[in-house]
file model23.cif (mmCIF, C-alpha atoms)
data_start
loop_
_atom_site.label_atom_id
_atom_site.label_comp_id
_atom_site.auth_asym_id
_atom_site.auth_seq_id
_atom_site.Cartn_x
_atom_site.Cartn_y
_atom_site.Cartn_z
CA LEU B 667 55.43 -22.93 -5.40
CA TYR B 668 53.43 -24.07 -8.43
CA SER B 669 54.41 -26.63 -11.06
CA SER B 670 55.27 -23.98 -13.63
CA GLN B 671 57.86 -22.54 -11.23
CA PHE B 672 59.57 -25.73 -10.10
CA ALA B 673 62.18 -25.96 -12.88
CA VAL B 674 63.49 -22.47 -12.11
CA VAL B 675 63.44 -23.03 -8.35
CA SER B 676 65.28 -26.34 -8.83
CA GLU B 677 68.01 -24.51 -10.75
CA ILE B 678 68.25 -21.97 -7.94
CA CYS B 679 68.70 -24.76 -5.37
CA THR B 680 71.49 -26.26 -7.49
CA ALA B 681 73.20 -22.88 -7.77
CA ILE B 682 72.91 -22.35 -4.02
CA LYS B 683 74.56 -25.68 -3.25
CA LYS B 684 77.41 -24.87 -5.66
CA LEU B 685 77.94 -21.66 -3.74
CA SER B 686 77.91 -23.42 -0.37
CA LYS B 687 76.68 -26.85 0.70
CA GLU B 688 76.10 -25.39 4.17
CA ILE B 689 73.15 -23.32 2.94
CA ILE B 690 69.90 -25.13 3.73
CA THR B 691 67.18 -25.09 1.07
CA VAL B 692 63.48 -25.44 1.87
CA LEU B 693 60.56 -25.64 -0.56
CA GLY B 694 56.84 -25.45 0.04
CA GLY B 695 53.57 -25.02 -1.81
CA ALA B 696 51.32 -27.07 -4.05
CA HIS B 697 53.86 -28.73 -6.37
CA PRO B 698 56.29 -29.95 -3.65
CA THR B 699 53.40 -31.06 -1.43
CA PHE B 700 51.71 -33.20 -4.09
CA LEU B 701 54.89 -34.44 -5.76
CA THR B 702 57.22 -34.62 -2.79
CA GLN B 703 59.21 -37.72 -3.74
CA GLN B 704 59.61 -36.60 -7.35
CA CYS B 705 60.90 -33.18 -6.27
CA ILE B 706 63.50 -34.54 -3.87
CA ALA B 707 64.55 -37.24 -6.34
CA ALA B 708 64.91 -34.64 -9.10
CA ASN B 709 67.34 -32.48 -7.17
CA ARG B 710 69.56 -33.43 -4.26
CA GLY B 711 70.02 -29.74 -3.61
CA ILE B 712 66.60 -29.68 -1.94
CA ASP B 713 67.08 -30.28 1.78
CA PHE B 714 63.52 -30.02 3.12
CA ILE B 715 59.97 -29.68 1.87
CA VAL B 716 57.27 -28.16 4.06
CA LEU B 717 53.99 -30.00 3.41
CA GLY B 718 50.74 -28.08 3.04
CA GLU B 719 50.00 -25.22 5.42
CA GLY B 720 53.46 -24.25 6.47
CA GLU B 721 53.47 -21.68 9.29
CA ARG B 722 53.89 -24.10 12.18
CA ALA B 723 56.06 -26.70 10.47
CA PHE B 724 58.41 -24.11 8.95
CA LYS B 725 58.84 -22.31 12.28
CA ASN B 726 59.64 -25.57 14.06
CA LEU B 727 62.13 -26.44 11.33
CA LEU B 728 63.87 -23.08 11.64
CA ASP B 729 63.96 -23.36 15.44
CA ASN B 730 65.62 -26.78 15.26
CA ILE B 731 68.13 -25.61 12.66
CA LYS B 732 68.98 -22.59 14.81
CA ASP B 733 69.38 -24.74 17.93
CA GLY B 734 71.38 -27.37 16.07
CA THR B 735 68.94 -30.13 17.01
CA SER B 736 67.65 -32.96 14.80
CA CYS B 737 64.85 -32.15 12.37
CA GLU B 738 63.84 -35.78 11.76
CA SER B 739 60.86 -35.77 14.12
CA ILE B 740 59.31 -32.46 13.01
CA ASP B 741 55.74 -32.90 11.77
CA GLY B 742 54.80 -31.42 8.43
CA ILE B 743 58.13 -31.79 6.61
CA ALA B 744 59.77 -34.20 4.16
CA PHE B 745 63.45 -34.89 3.48
CA ALA B 746 65.85 -37.47 2.08
CA GLN B 747 67.61 -39.89 4.40
CA ASP B 748 69.77 -42.88 3.43
CA GLY B 749 68.46 -42.76 -0.11
CA LYS B 750 64.80 -42.70 0.94
CA VAL B 751 62.28 -39.88 1.10
CA ILE B 752 60.85 -39.46 4.59
CA LEU B 753 57.39 -37.89 4.85
CA ASN B 754 56.47 -36.96 8.40
CA THR B 755 52.90 -36.58 9.66
CA ARG B 756 51.13 -33.50 8.37
CA VAL B 757 50.50 -30.64 10.79
CA PRO B 758 46.78 -29.98 11.57
CA PHE B 759 45.27 -26.95 9.89
CA ILE B 760 45.13 -23.69 11.82
CA GLU B 761 41.49 -23.35 12.83
CA ASP B 762 41.53 -19.62 13.57
CA LEU B 763 43.32 -17.74 10.79
CA ASP B 764 43.24 -14.56 12.90
CA LEU B 765 45.96 -16.13 15.07
CA ILE B 766 48.48 -15.97 12.22
CA PRO B 767 50.67 -12.85 12.55
CA PHE B 768 50.72 -10.44 9.65
CA PRO B 769 53.56 -11.03 7.16
CA ALA B 770 56.82 -9.33 8.16
CA ARG B 771 56.81 -7.21 5.03
CA GLN B 772 59.19 -4.71 6.62
CA MET B 773 61.96 -7.30 6.26
CA LEU B 774 61.64 -7.36 2.46
CA PRO B 775 63.05 -4.91 -0.12
CA LEU B 776 59.56 -3.67 -0.96
CA ASP B 777 60.80 -0.94 -3.31
CA LYS B 778 61.98 -3.64 -5.71
CA TYR B 779 58.55 -5.28 -5.67
CA PHE B 780 56.85 -1.93 -6.21
CA LYS B 781 59.11 -1.23 -9.17
CA ILE B 782 58.04 -4.51 -10.83
CA ASN B 783 54.41 -3.82 -9.86
CA LEU B 784 53.04 -7.33 -10.39
CA PRO B 785 51.00 -8.04 -7.23
CA MET B 786 49.58 -11.55 -7.16
CA GLY B 787 45.89 -11.87 -7.91
CA LEU B 788 45.09 -8.33 -8.97
CA VAL B 789 45.85 -5.67 -11.52
CA SER B 790 46.90 -2.56 -9.65
CA LYS B 791 46.53 1.03 -10.73
CA HIS B 792 49.20 2.05 -8.26
CA LYS B 793 52.87 1.16 -7.97
CA LYS B 794 52.66 0.68 -4.21
CA ALA B 795 50.31 -2.29 -4.14
CA MET B 796 50.14 -5.21 -1.74
CA SER B 797 47.96 -8.32 -1.65
CA ILE B 798 46.15 -9.62 1.44
CA ILE B 799 44.98 -13.20 1.97
CA THR B 800 41.51 -13.18 3.52
CA SER B 801 40.74 -16.92 3.38
CA ARG B 802 42.17 -20.35 2.66
CA GLY B 803 40.63 -23.21 0.75
CA CYS B 804 37.64 -23.64 -1.52
CA PRO B 805 34.42 -25.66 -1.08
CA TYR B 806 34.22 -26.63 -4.74
CA GLN B 807 35.83 -29.63 -6.43
CA CYS B 808 37.05 -28.29 -9.78
CA CYS B 809 39.05 -31.05 -11.46
CA PHE B 810 41.58 -28.59 -12.89
CA CYS B 811 42.41 -26.87 -9.60
CA SER B 812 44.57 -28.02 -6.67
CA SER B 813 43.15 -25.59 -4.10
CA SER B 814 40.44 -27.78 -2.58
CA VAL B 815 42.70 -30.80 -2.07
CA TYR B 816 45.68 -28.72 -0.94
CA TRP B 817 43.66 -27.09 1.81
CA GLY B 818 42.05 -30.32 2.96
CA ARG B 819 38.70 -29.76 1.21
CA ARG B 820 37.91 -27.08 3.77
CA TYR B 821 37.21 -23.37 3.66
CA ARG B 822 38.39 -21.00 6.39
CA VAL B 823 38.11 -17.22 6.60
CA ARG B 824 39.65 -14.39 8.57
CA SER B 825 37.43 -11.97 10.44
CA ALA B 826 36.66 -8.63 8.81
CA ASP B 827 38.29 -6.75 11.70
CA ASN B 828 41.49 -8.77 11.34
CA VAL B 829 41.68 -7.99 7.62
CA LEU B 830 41.06 -4.30 8.32
CA ASP B 831 43.84 -4.31 10.93
CA GLU B 832 46.26 -5.62 8.29
CA MET B 833 45.15 -2.89 5.91
CA GLN B 834 45.93 -0.35 8.64
CA ALA B 835 49.34 -1.95 9.13
CA LEU B 836 50.05 -1.50 5.42
CA LYS B 837 49.01 2.13 5.66
CA ASP B 838 51.38 2.61 8.59
CA MET B 839 54.17 1.21 6.40
CA GLY B 840 53.61 3.93 3.83
CA ILE B 841 51.20 2.08 1.56
CA LYS B 842 48.60 4.75 2.13
CA ASP B 843 46.35 4.44 -0.87
CA ASN B 844 43.85 1.85 0.35
CA LYS B 845 41.14 3.16 -1.96
CA GLN B 846 41.40 0.30 -4.42
CA ILE B 847 40.38 -3.08 -3.04
CA MET B 848 39.97 -6.14 -5.25
CA MET B 849 38.16 -9.17 -3.85
CA GLU B 850 37.58 -12.56 -5.44
CA VAL B 851 33.93 -13.36 -4.82
CA GLY B 852 32.54 -16.85 -5.24
CA GLU B 853 34.48 -19.28 -3.08
CA GLY B 854 31.75 -20.53 -0.79
CA ASN B 855 30.41 -18.77 2.29
CA LEU B 856 32.63 -15.74 1.97
CA ASN B 857 32.72 -13.03 4.60
CA TRP B 858 33.08 -10.50 1.78
CA GLU B 859 30.05 -8.53 2.94
CA ALA B 860 31.57 -7.95 6.37
CA ILE B 861 34.92 -7.02 4.86
CA ILE B 862 33.38 -4.55 2.41
CA SER B 863 31.33 -2.98 5.21
CA ALA B 864 34.46 -2.60 7.33
CA CYS B 865 36.39 -1.13 4.40
CA LYS B 866 33.58 1.33 3.76
CA GLU B 867 33.66 2.49 7.38
CA ALA B 868 37.42 2.98 7.02
CA GLY B 869 36.95 5.30 4.07
CA THR B 870 37.48 3.00 1.10
CA ARG B 871 35.51 4.20 -1.90
CA TRP B 872 36.61 2.09 -4.91
CA TYR B 873 36.00 -1.64 -5.18
CA ILE B 874 36.62 -4.23 -7.86
CA ILE B 875 34.55 -7.36 -7.29
CA GLU B 876 35.73 -10.28 -9.39
CA GLN B 877 34.02 -13.56 -10.21
CA ASP B 878 36.03 -16.41 -11.68
CA ILE B 879 34.12 -17.55 -14.76
CA CYS B 880 35.40 -21.10 -14.27
CA GLN B 881 33.79 -21.47 -10.85
CA ARG B 882 30.49 -23.25 -10.26
CA PRO B 883 27.94 -22.27 -9.18
CA PRO B 884 28.05 -19.01 -11.11
CA LEU B 885 27.63 -15.56 -9.66
CA GLU B 886 23.83 -15.53 -9.90
CA SER B 887 23.42 -18.60 -7.69
CA LEU B 888 25.63 -17.20 -4.92
CA LYS B 889 22.94 -14.70 -3.89
CA ILE B 890 25.19 -11.90 -5.11
CA SER B 891 24.12 -9.29 -7.61
CA LEU B 892 25.32 -5.92 -8.74
CA GLU B 893 22.22 -4.36 -7.20
CA ASN B 894 23.07 -5.85 -3.78
CA VAL B 895 26.63 -4.57 -4.08
CA LYS B 896 25.46 -1.10 -5.09
CA LYS B 897 23.01 -1.02 -2.17
CA MET B 898 25.69 -2.10 0.29
CA LEU B 899 28.24 0.42 -0.96
CA ASP B 900 25.66 3.15 -1.50
CA VAL B 901 26.98 3.93 -4.96
CA SER B 902 25.34 4.30 -8.34
#
call {"tool": "encode", "arguments": {"input": "model23.cif", "output": "structure tokens"}}
result
Amino acid sequence: LYSSQFAVVSEICTAIKKLSKEIITVLGGAHPTFLTQQCIAANRGIDFIVLGEGERAFKNLLDNIKDGTSCESIDGIAFAQDGKVILNTRVPFIEDLDLIPFPARQMLPLDKYFKINLPMGLVSKHKKAMSIITSRGCPYQCCFCSSSVYWGRRYRVRSADNVLDEMQALKDMGIKDNKQIMMEVGEGNLNWEAIISACKEAGTRWYIIEQDICQRPPLESLKISLENVKKMLDVS
């Protein structure tokens, strides 16, 4: 959840509470993490905020809600209590991103997403498109970007095999056209070479390699060139 989205999400939380006060609302992402107290103070319809990396904290929160036990001692969450905002201790980052299960996409109405065809982070030529997160964090300190601080000024990557396994899972779901892969190159010691090699072995033939023009150092200083890419992919 980014700052530009908070006003709309806040309205949704208010509408949910009007429908039923028993429905529990939970927010997460950059804006609620950095501005936790302001978010909760702005809307009493927000029950919980998951701080930072949310897989473990959100699961523990859901388990406690399901069991009917108190959520006050769960690390990695924030909530209002007796007029005060309580911020519990943050959960440590997940060291091995390969341990995170693939998203349960089969539980979503994917046809509706395909109809809109606005996958995050890429411009797709195909209606059935899906994004894959291959890393978290950024080693740079751009003053206009929240990524470095949000991810603890660290950079973590998934293994190439793990990314390829997720691509296979998407293919098994009916998203069979894995011939267009877009990768953002330039965020530190990327494992992009291993991923591209694995994709090539799997039969992928079209690649879009993107460099953010706002990043420093620029593409040339990252030991990446079009000639190296062409040599790796064996294309002209």
call {"tool": "residues_around", "arguments": {"input": "model23.cif", "residues": "range 745-758 of chain B", "least_positions_apart": "3", "cutoff": "12 Å", "atoms": "only C-alpha atoms", "output": "VMD selection string"}}
result
chain B and resid 690 to 693 698 to 727 737 to 742 761 to 762 816 to 818
call {"tool": "atom_distance", "arguments": {"input": "model23.cif", "atom1": "CA of Ile760 in chain B", "atom2": "CA of Asn828 in chain B"}}
result
15.4 Å
call {"tool": "resolve_selection", "arguments": {"input": "model23.cif", "expression": "the PyMOL selection byres ((chain B and resi 667) around 10)", "output": "PyMOL selection string"}}
result
chain B and resi 668-672+675+693-699
call {"tool": "atom_distance", "arguments": {"input": "model23.cif", "atom1": "CA of Leu728 in chain B", "atom2": "CA of Tyr821 in chain B"}}
result
27.8 Å
call {"tool": "axis_aligned_box", "arguments": {"input": "model23.cif", "around": "range 793-798 of chain B", "padding_each_side": "8 Å", "output": "lines of an AutoDock Vina configuration file"}}
result
center_x = 49.5
center_y = -4.2
center_z = -3.3
size_x = 22.7
size_y = 26.8
size_z = 25.4
